[in-house]
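A.B. asks: For reference, this is run.txt, and it has compact mmCIF, C-alpha atoms.
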```
# COMPACT_ATOMS: atom_id res chain seq x y z
CA MET Q 1 25.73 31.63 26.28
CA ASP Q 2 25.35 31.15 22.59
CA TRP Q 3 23.14 28.70 20.71
CA LYS Q 4 25.96 26.24 20.01
CA ILE Q 5 26.45 25.62 23.72
CA ILE Q 6 22.70 25.30 24.23
CA PHE Q 7 22.52 22.81 21.38
CA VAL Q 8 25.35 20.68 22.83
CA LEU Q 9 23.72 20.79 26.25
CA LEU Q 10 20.45 19.74 24.73
CA ALA Q 11 21.99 16.82 22.90
CA VAL Q 12 23.81 15.60 26.02
CA SER Q 13 20.70 16.04 28.15
CA LEU Q 14 18.60 14.16 25.64
CA LEU Q 15 21.10 11.32 25.67
CA ILE Q 16 21.19 11.15 29.44
CA ALA Q 17 17.42 11.42 29.73
CA GLY Q 18 17.01 8.67 27.13
CA CYS Q 19 19.33 6.32 28.97
CA ALA Q 20 17.66 7.06 32.28
CA LYS Q 21 14.24 6.45 30.78
CA GLY Q 22 15.40 3.18 29.27
CA GLY Q 23 16.70 2.00 32.61
CA GLN Q 24 13.52 3.10 34.30
CA ARG Q 25 11.41 1.21 31.80
CA GLY Q 26 13.50 -1.88 32.28
CA GLY Q 27 12.90 -1.72 35.99
CA THR Q 28 9.24 -1.01 35.59
CA ASN Q 29 8.68 -4.03 33.49
CA GLU Q 30 10.04 -6.34 36.10
CA THR Q 31 6.70 -6.24 37.81
CA GLY Q 32 4.83 -6.30 34.54
CA THR Q 33 2.56 -8.94 33.23
CA GLY Q 34 5.23 -11.17 31.81
CA ASN Q 35 3.89 -11.00 28.30
CA GLY Q 36 7.03 -9.50 26.91
CA ALA Q 37 9.78 -10.98 24.83
CA THR Q 38 11.84 -11.62 27.88
CA GLY Q 39 9.62 -14.30 29.23
CA GLY Q 40 6.36 -15.34 30.74
CA THR Q 41 7.09 -14.68 34.37
CA GLY Q 42 8.09 -11.65 36.36
CA THR Q 43 10.99 -13.44 37.97
CA GLN Q 44 12.55 -14.27 34.63
CA THR Q 45 12.84 -10.63 33.60
CA SER Q 46 13.77 -9.12 36.92
CA GLY Q 47 17.44 -9.94 36.94
CA ALA Q 48 18.22 -9.05 33.39
CA SER Q 49 16.45 -5.76 33.21
CA GLY Q 50 17.55 -3.87 36.26
CA GLY Q 51 21.03 -2.72 35.40
CA SER Q 52 21.21 -1.73 31.81
CA GLY Q 53 17.68 -0.82 30.90
CA THR Q 54 17.55 -3.39 28.15
CA GLY Q 55 16.08 -6.85 28.56
CA GLY Q 56 12.97 -6.09 30.56
CA ALA Q 57 12.73 -2.74 28.80
CA ASN Q 58 12.35 -4.69 25.64
CA ALA Q 59 8.81 -5.48 26.57
CA SER Q 60 7.44 -2.17 27.76
CA GLY Q 61 9.67 -0.05 25.55
CA ASP Q 62 8.80 -1.95 22.42
CA VAL Q 63 5.09 -1.83 23.09
CA GLY Q 64 4.93 1.79 21.96
CA SER Q 65 6.93 1.01 18.84
CA LEU Q 66 4.46 -1.68 17.86
CA PHE Q 67 1.64 0.80 17.27
CA ARG Q 68 2.63 1.39 13.68
CA ILE Q 69 0.99 0.13 10.57
CA ASP Q 70 1.44 1.03 6.90
CA THR Q 71 -1.48 3.00 5.51
CA ASP Q 72 -0.65 2.82 1.81
CA LYS Q 73 -2.93 0.76 -0.38
CA PRO Q 74 -1.60 -1.97 -2.66
CA LEU Q 75 -1.53 -1.48 -6.43
CA GLU Q 76 -4.92 -1.47 -8.14
CA GLY Q 77 -4.03 -2.29 -11.74
CA SER Q 78 -5.06 1.03 -13.25
CA GLY Q 79 -3.03 0.29 -16.39
CA TYR Q 80 -5.39 -2.56 -17.23
CA GLU Q 81 -8.36 -0.21 -17.27
CA VAL Q 82 -7.22 1.83 -20.27
CA PRO Q 83 -9.64 1.15 -23.15
CA ALA Q 84 -8.58 0.64 -26.77
CA ALA Q 85 -10.46 2.82 -29.25
CA GLY Q 86 -11.79 0.85 -32.20
CA GLU Q 87 -11.39 -2.58 -30.64
CA GLU Q 88 -14.47 -4.71 -31.10
CA MET V 1 20.52 32.92 28.47
CA LEU V 2 19.75 29.88 30.53
CA LEU V 3 16.86 27.53 30.08
CA SER V 4 15.19 26.25 33.19
CA ALA V 5 15.25 22.50 33.79
CA ASN V 6 11.50 22.40 33.31
CA LYS V 7 11.63 24.14 29.92
CA LEU V 8 14.53 21.95 28.89
CA GLY V 9 12.50 18.87 29.74
CA VAL V 10 9.55 20.09 27.70
CA LEU V 11 11.81 20.93 24.78
CA MET V 12 13.49 17.53 24.88
CA ARG V 13 10.10 15.85 24.97
CA GLU V 14 8.98 17.80 21.93
CA ILE V 15 12.17 16.89 20.07
CA ALA V 16 11.68 13.22 20.97
CA LEU V 17 8.06 13.38 19.81
CA PHE V 18 9.16 14.98 16.54
CA LEU V 19 11.68 12.17 15.98
CA VAL V 20 9.02 9.59 16.72
CA LEU V 21 6.60 11.17 14.24
CA ALA V 22 9.35 11.36 11.63
CA ALA V 23 9.95 7.64 12.08
CA VAL V 24 6.22 6.95 11.65
CA SER V 25 6.18 8.74 8.32
CA PHE V 26 8.60 6.22 6.85
CA ALA V 27 6.68 3.61 4.90
CA TRP V 28 7.84 0.33 3.41
CA GLU V 29 7.71 0.09 -0.37
CA ASN V 30 7.51 -3.20 -2.22
CA ALA V 31 10.70 -3.58 -4.30
CA ALA V 32 8.73 -5.03 -7.22
CA THR V 33 6.46 -2.00 -7.48
CA ALA V 34 8.36 -0.55 -10.46
CA ASP V 35 8.15 -3.91 -12.27
CA MET V 36 4.42 -4.09 -11.64
CA LEU V 37 3.88 -0.54 -12.89
CA GLN V 38 6.06 -1.28 -15.91
CA SER V 39 3.95 -4.31 -16.83
CA GLU V 40 0.74 -2.32 -16.49
CA TYR V 41 2.29 0.45 -18.54
CA GLU V 42 3.20 -2.06 -21.27
CA TYR V 43 -0.41 -3.21 -21.46
CA ALA V 44 -1.68 0.38 -21.66
CA ALA V 45 0.98 1.19 -24.27
CA CYS V 46 -0.36 -1.66 -26.43
CA ASN V 47 -3.78 -0.04 -26.38
CA VAL V 48 -2.28 3.33 -27.25
CA GLN V 49 -0.34 1.82 -30.15
CA PHE V 50 -3.57 0.28 -31.40
CA ALA V 51 -5.27 3.68 -31.10
CA ARG V 52 -2.46 5.34 -33.08
CA ASP V 53 -2.70 2.75 -35.84
CA TYR V 54 -6.47 2.81 -35.87
CA VAL V 55 -6.67 6.60 -36.12
CA ALA V 56 -4.04 6.55 -38.89
CA LEU V 57 -6.04 3.88 -40.73
CA ARG V 58 -9.22 5.95 -40.56
CA GLU V 59 -7.38 9.01 -41.85
CA GLU V 60 -5.80 7.02 -44.68
CA CYS V 61 -9.15 5.51 -45.70
CA GLY V 62 -10.68 8.99 -45.53
CA ARG V 63 -8.11 10.25 -48.04
CA LEU V 64 -8.54 7.23 -50.33
CA HIS V 65 -12.33 7.50 -50.39
CA ASP V 66 -12.61 11.26 -50.20
CA THR V 67 -14.46 11.07 -46.91
CA HIS V 68 -14.19 13.62 -44.10
CA VAL V 69 -12.70 12.18 -40.92
CA PHE V 70 -12.74 13.87 -37.51
CA ASP V 71 -9.43 15.46 -36.50
CA PHE V 72 -8.12 13.34 -33.63
CA SER V 73 -4.71 15.07 -33.44
CA GLY V 74 -5.44 17.12 -30.31
CA ARG V 75 -6.71 14.05 -28.47
CA MET V 76 -3.74 11.97 -29.60
CA GLU V 77 -1.30 14.59 -28.33
CA GLU V 78 -2.94 14.44 -24.90
CA ILE V 79 -2.71 10.65 -25.01
CA GLU V 80 0.98 10.69 -25.97
CA ASP V 81 1.77 13.15 -23.16
CA ALA V 82 -0.05 11.07 -20.58
CA LEU V 83 1.62 7.88 -21.82
CA ASP V 84 5.08 9.48 -21.56
CA ASP V 85 4.36 10.58 -18.01
CA ALA V 86 3.06 7.12 -17.12
CA GLN V 87 6.24 5.57 -18.49
CA GLU V 88 8.37 7.93 -16.44
CA GLY V 89 6.35 7.19 -13.30
CA ALA V 90 6.57 3.44 -13.92
CA GLU V 91 10.33 3.49 -14.50
CA GLN V 92 10.85 5.40 -11.28
CA GLY V 93 8.35 3.29 -9.36
CA ASN V 94 6.61 6.55 -8.51
CA ARG V 95 3.04 5.49 -7.82
CA LEU V 96 1.76 9.03 -7.45
CA GLU V 97 3.11 10.25 -10.78
CA TYR V 98 2.15 7.00 -12.48
CA GLY V 99 -1.38 7.06 -11.04
CA ALA V 100 -2.00 10.66 -12.08
CA ALA V 101 -0.69 10.01 -15.61
CA MET V 102 -2.69 6.80 -15.93
CA PHE V 103 -5.83 8.64 -14.85
CA ARG V 104 -5.26 11.22 -17.62
CA LEU V 105 -4.49 8.48 -20.12
CA ASN V 106 -7.60 6.56 -19.17
CA ALA V 107 -9.79 9.66 -19.50
CA ASN V 108 -8.33 10.62 -22.87
CA MET V 109 -8.56 7.11 -24.27
CA ALA V 110 -12.20 6.97 -23.17
CA GLY V 111 -12.69 10.34 -24.86
CA LEU V 112 -11.10 8.97 -28.02
CA VAL V 113 -13.45 5.99 -27.96
CA LEU V 114 -16.43 8.35 -27.87
CA GLU V 115 -15.00 10.53 -30.65
CA VAL V 116 -14.39 7.49 -32.85
CA ILE V 117 -17.95 6.29 -32.30
CA GLY V 118 -19.28 9.78 -33.04
CA ASP V 119 -17.20 10.03 -36.20
CA ALA V 120 -18.25 6.55 -37.39
CA LEU V 121 -21.89 7.60 -37.22
CA ASN V 122 -21.23 10.76 -39.21
CA ASN V 123 -22.01 10.25 -42.90
CA LYS V 124 -19.37 7.72 -44.01
CA SER V 125 -19.36 6.05 -47.45
CA GLN V 126 -19.53 2.28 -47.81
CA GLY V 127 -16.10 2.31 -49.51
CA TYR V 128 -14.63 4.05 -46.50
CA ARG V 129 -16.21 1.55 -44.12
CA ASN V 130 -14.89 -1.40 -46.12
CA CYS V 131 -11.42 0.15 -46.22
CA VAL V 132 -11.30 0.44 -42.42
CA GLN V 133 -12.77 -3.02 -41.95
CA GLU V 134 -10.17 -4.65 -44.24
CA ASP V 135 -7.22 -3.66 -42.07
CA VAL V 136 -8.65 -3.49 -38.59
CA GLY V 137 -8.36 -7.27 -38.18
CA ARG V 138 -4.59 -7.07 -38.69
CA LEU V 139 -4.35 -4.29 -36.11
CA GLU V 140 -6.31 -6.38 -33.62
CA GLU V 141 -3.96 -9.31 -34.11
CA GLU V 142 -0.98 -7.05 -33.43
CA LEU V 143 -2.77 -5.73 -30.36
CA GLU V 144 -3.25 -9.25 -28.99
CA GLU V 145 0.43 -10.10 -29.56
CA CYS V 146 1.49 -6.94 -27.79
CA ARG V 147 -0.82 -7.65 -24.85
CA ALA V 148 0.43 -11.23 -24.58
CA SER V 149 3.94 -9.89 -24.11
CA ALA V 150 2.71 -7.40 -21.48
CA PHE V 151 0.93 -10.22 -19.63
CA GLU V 152 4.18 -12.22 -19.54
CA THR V 153 5.95 -9.25 -17.98
CA GLY V 154 3.04 -8.86 -15.60
CA LYS V 155 3.16 -12.50 -14.55
CA ARG V 156 6.81 -12.28 -13.51
CA ALA V 157 6.23 -8.98 -11.71
CA ALA V 158 3.16 -10.30 -9.88
CA HIS V 159 5.08 -13.29 -8.49
CA ALA V 160 7.85 -11.00 -7.27
CA TYR V 161 5.42 -8.44 -5.86
CA LEU V 162 3.44 -11.03 -3.91
CA ALA V 163 6.60 -12.81 -2.73
CA ASN V 164 7.92 -9.54 -1.31
CA ASP V 165 4.66 -8.90 0.49
CA ILE V 166 4.66 -12.43 1.92
CA GLU V 167 8.28 -12.08 3.01
CA LYS V 168 7.51 -8.83 4.78
CA GLY V 169 4.46 -10.41 6.40
CA GLU V 170 6.53 -13.36 7.57
CA SER V 171 9.08 -11.06 9.18
CA GLU V 172 6.30 -9.18 10.97
CA VAL V 173 4.83 -12.47 12.17
CA ALA V 174 8.27 -13.63 13.38
CA GLU V 175 8.77 -10.40 15.29
CA LEU V 176 5.48 -10.74 17.13
CA GLU V 177 5.88 -14.48 17.60
CA ALA V 178 9.21 -13.85 19.33
CA MET V 179 7.29 -11.73 21.82
CA ARG V 180 4.80 -14.58 22.28
CA ALA V 181 1.98 -12.59 20.77
CA ASP V 182 -0.92 -14.39 19.12
CA ILE V 183 -0.10 -14.55 15.42
CA LEU V 184 -2.63 -17.14 14.25
CA GLY V 185 -4.79 -14.64 12.38
CA MET V 186 -1.79 -13.19 10.55
CA GLU V 187 -0.56 -16.68 9.68
CA ARG V 188 -3.95 -17.57 8.23
CA VAL V 189 -3.81 -14.55 5.92
CA LEU V 190 -0.31 -15.50 4.81
CA ASP V 191 -1.57 -18.98 3.92
CA TYR V 192 -4.22 -17.37 1.71
CA ALA V 193 -1.50 -15.26 0.09
CA ARG V 194 0.59 -18.34 -0.67
CA ALA V 195 -2.47 -19.91 -2.32
CA LEU V 196 -2.97 -16.71 -4.33
CA ASP V 197 0.52 -17.09 -5.74
CA GLU V 198 -0.51 -20.44 -7.21
CA ASP V 199 -3.29 -18.74 -9.20
CA ILE V 200 -1.10 -16.06 -10.81
CA ASP V 201 0.05 -18.08 -13.84
CA ALA V 202 -3.46 -19.16 -14.84
CA ALA V 203 -4.81 -15.62 -14.60
CA TYR V 204 -2.10 -14.02 -16.72
CA ASP V 205 -2.01 -16.91 -19.19
CA SER V 206 -5.74 -16.44 -19.81
CA HIS V 207 -4.88 -13.02 -21.35
CA GLN V 208 -8.09 -11.75 -19.83
CA VAL V 209 -7.90 -8.45 -18.00
CA GLN V 210 -10.84 -9.51 -15.81
CA GLU V 211 -8.85 -12.49 -14.51
CA VAL V 212 -5.80 -10.36 -13.77
CA LYS V 213 -7.92 -7.77 -12.02
CA LYS V 214 -9.31 -10.53 -9.79
CA LEU V 215 -5.77 -11.18 -8.56
CA TYR V 216 -5.42 -7.50 -7.69
CA GLU V 217 -8.71 -7.55 -5.78
CA ARG V 218 -7.79 -10.68 -3.82
CA HIS V 219 -4.34 -9.31 -3.03
CA SER V 220 -5.83 -6.02 -1.90
CA ARG V 221 -8.23 -7.80 0.47
CA LEU V 222 -5.43 -9.90 1.92
CA VAL V 223 -3.19 -6.91 2.58
CA LEU V 224 -6.06 -5.23 4.42
CA LEU V 225 -6.89 -8.32 6.46
CA PHE V 226 -3.26 -8.91 7.38
CA ARG V 227 -2.98 -5.41 8.76
CA LEU V 228 -6.24 -5.74 10.69
CA GLU V 229 -5.04 -9.04 12.18
CA LYS V 230 -1.72 -7.47 13.08
CA MET V 231 -3.42 -4.57 14.81
CA MET V 232 -5.50 -6.97 16.92
CA SER V 233 -2.44 -9.04 17.73
CA VAL V 234 -0.49 -5.99 18.89
CA ILE V 235 -3.41 -4.70 20.96
CA ASP V 236 -3.84 -8.07 22.68
CA TYR V 237 -0.14 -8.18 23.41
CA ALA V 238 0.21 -4.59 24.58
CA GLU V 239 -2.91 -4.30 26.71
CA PRO V 240 -1.69 -6.09 29.88
CA ILE V 241 1.74 -4.48 29.64
CA ILE V 242 0.30 -0.98 29.43
CA GLU V 243 -2.19 -1.79 32.16
CA ALA V 244 0.65 -2.75 34.50
CA GLY V 245 2.83 0.17 33.42
CA THR V 246 3.01 3.82 34.38
CA ASN V 247 2.26 5.58 31.11
CA GLU V 248 0.62 8.95 31.76
CA ASN V 249 -1.98 8.25 29.09
CA LYS V 250 -2.67 4.74 30.33
CA GLU V 251 -6.43 5.08 30.82
CA GLU V 252 -6.96 6.78 27.48
CA LEU V 253 -4.76 4.20 25.75
CA LEU V 254 -6.58 1.23 27.25
CA GLU V 255 -9.99 2.66 26.40
CA GLU V 256 -9.08 3.43 22.80
CA MET V 257 -7.36 0.05 22.39
CA ALA V 258 -10.48 -1.78 23.56
CA ASP V 259 -12.71 0.25 21.22
CA LEU V 260 -10.35 -0.16 18.33
CA LYS V 261 -10.06 -3.89 18.83
CA GLY V 262 -13.84 -4.28 18.81
CA ASP V 263 -14.20 -2.23 15.64
CA THR V 264 -11.34 -4.12 13.98
CA GLU V 265 -12.87 -7.48 14.84
CA ASP V 266 -16.16 -6.35 13.31
CA LEU V 267 -14.51 -5.19 10.09
CA THR V 268 -12.46 -8.39 9.85
CA GLU V 269 -15.67 -10.39 9.93
CA GLU V 270 -17.46 -8.13 7.46
CA CYS V 271 -14.53 -8.24 5.04
CA ALA V 272 -13.77 -11.95 5.33
CA TYR V 273 -11.58 -13.28 2.52
CA SER V 274 -12.84 -15.35 -0.35
CA PRO V 275 -10.78 -16.51 -3.35
CA ASP V 276 -13.95 -16.33 -5.46
CA VAL V 277 -14.25 -12.83 -6.87
CA ASP V 278 -17.79 -11.91 -7.81
CA SER V 279 -19.10 -8.70 -9.38
CA GLY V 280 -19.42 -6.95 -6.02
CA TYR V 281 -15.93 -7.78 -4.77
CA ALA V 282 -14.25 -4.56 -5.97
CA ALA V 283 -16.92 -2.33 -4.45
CA GLU V 284 -16.69 -4.28 -1.22
CA ASN V 285 -12.92 -3.87 -1.23
CA MET V 286 -13.34 -0.14 -1.59
CA ARG V 287 -15.68 0.02 1.37
CA CYS V 288 -13.50 -2.29 3.47
CA TRP V 289 -10.43 -0.20 2.72
CA THR V 290 -12.17 3.07 3.53
CA GLU V 291 -13.16 1.75 6.94
CA GLY V 292 -9.87 -0.09 7.35
CA LEU V 293 -7.78 3.03 6.73
CA SER V 294 -9.76 4.85 9.37
CA LEU V 295 -8.94 2.07 11.85
CA MET V 296 -5.27 2.11 10.81
CA GLN V 297 -5.10 5.83 11.48
CA ARG V 298 -6.58 5.28 14.92
CA PHE V 299 -4.00 2.54 15.50
CA ASN V 300 -1.12 4.81 14.47
CA ALA V 301 -2.51 7.53 16.72
CA LEU V 302 -1.92 5.14 19.64
CA TYR V 303 1.79 5.39 18.84
CA THR V 304 1.80 9.14 19.38
CA LEU V 305 -0.45 8.87 22.41
CA TYR V 306 1.80 6.23 23.95
CA TRP V 307 5.02 8.16 23.50
CA ALA V 308 3.44 11.42 24.65
CA GLY V 309 2.73 9.68 27.94
CA VAL V 310 6.16 8.16 28.48
```
What does the file become when written as structure tokens?
C.D. replies:
Amino acid sequence: MDWKIIFVLLAVSLLIAGCAKGGQRGGTNETGTGNGATGGTGTQTSGASGGSGTGGANASGDVGSLFRIDTDKPLEGSGYEVPAAGEE
Amino acid sequence: MLLSANKLGVLMREIALFLVLAAVSFAWENAATADMLQSEYEYAACNVQFARDYVALREECGRLHDTHVFDFSGRMEEIEDALDDAQEGAEQGNRLEYGAAMFRLNANMAGLVLEVIGDALNNKSQGYRNCVQEDVGRLEEELEECRASAFETGKRAAHAYLANDIEKGESEVAELEAMRADILGMERVLDYARALDEDIDAAYDSHQVQEVKKLYERHSRLVLLFRLEKMMSVIDYAEPIIEAGTNENKEELLEEMADLKGDTEDLTEECAYSPDVDSGYAAENMRCWTEGLSLMQRFNALYTLYWAGV
């Protein structure tokens, strides 16, 4: 079996695993705390999330995505620090 | 060659983790950054033009009054090179290139200042001194006109730069608000930012670098505080969800989140915002940012930890 076939298999497997995981997360969140975007109570999310893996998955799945913050600093105005020789 | 299901699973997980880390590395860039750098560059270019004219004036007076003048040509070449690089960095909105060039420019201009002072103290005739003094006033007037133009450019850029930051902040608030997260702290910082916008015109119209630098310091503090507030908001929101979930790293996540939230609360209090910028504000900003960046890195590490446990 050459690498092309392995690569295709990998891609398909990744896709299937991703979908399965999404569905699983959706189901898991049904019994969650209800703090997600889909509503404040467990009953509100339970119907929507079971089948497709979206809806309820929105809460638990998105939680991981939220742990991101920019670490670049804003501009500091270094151009205004250049002195002028000879200026009084 | 066949891969076992177990190895395949591990490989897929590593690929997914790689994709996640690649996504983390993408950072938002304010669209008005190039305009801001350009306005700063214009101000610095005014000072360089003054230096060119001033050095030329000293050389001319030296010839007229048969007085030896220090050779500034090597220093001026360095200055011209650095200014060219700064211009290129500003035009491209490349903060790294711009910052490095501006650092070189700053150092060389400071060196020129020292060389001019040293040369002025070195056996100059009264005729030479009078010659320089006669024309330096005109050069200073031209310098002020040039700077006034740069401040106008800066004023427009600063409004756009802050507006973009506020817009981004508002979208982040809206995203969390839609999830019913607590966004009051973030909103408060945005209110301060809107008030900062009202002070931009006065600062640039004063034509005082100190006043403009105060805007930078206030803006810097607000960006830091907004991120700290956002981190606390996300942690508060995520904690019960993770607690009820099945993440393999759940315990570690919850422990680090609690620690991080405590440390972030402390820093938020220590670095509370004030629109009044005193002499210690810049140093305090530096300290706050150093500690803040450490907290932000811990926050971003939660992202990797979370997805590694999915």
A.B. asks: Please check the contacts: residues of chain V at most 6 Å away from chain Q, using all atoms listed in the file, listed as a list in words.
C.D. replies: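 Per the criterion, chain V yields Met1, Glu40, Tyr41, Ala44, Asn47, Ala51, Asn106, Val113, Met179, Ser220, Ala238, Ile241, Ala244, Asn300, Tyr303 and Tyr306 of chain V.
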A.B. asks: Between atom CA of V:Arg63 and atom CA of V:Gly137, what distance in Å does the model show, to one decimal?
C.D. replies: 20.1 Å
A.B. asks: Of the residues V:Met76, V:Ile200, V:Met231, V:Met257, which is the one nearest to V:Glu115, using all atoms listed in the file?
C.D. replies: V:Met76
A.B. asks: Taking all atoms listed in the file into account, name the residue in V:Leu176, V:Cys271, V:Val277, V:Val189 that is nearest to V:Lys213.
C.D. replies: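 Looking only at the distances to V:Lys213, the closest residue turns out to be V:Val277.
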A.B. asks: By how many Å are atom CA of V:Glu170 and atom CA of V:Leu190 apart?
C.D. replies: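 Separating atom CA of V:Glu170 from atom CA of V:Leu190 is a distance of 7.7 Å.
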A.B. asks: For atom CA of V:Lys214 and atom CA of V:Leu105, quote the distance in Å rounded to one decimal.
C.D. replies: 22.2 Å
A.B. asks: Could you pull the residues within 10 Å of V:Gln49, counting all atoms listed in the file, minus those fewer than 6 positions along the same chain, as a VMD selection string?
C.D. replies: (chain Q and resid 84) or (chain V and resid 55 80 139 142 to 143 146)
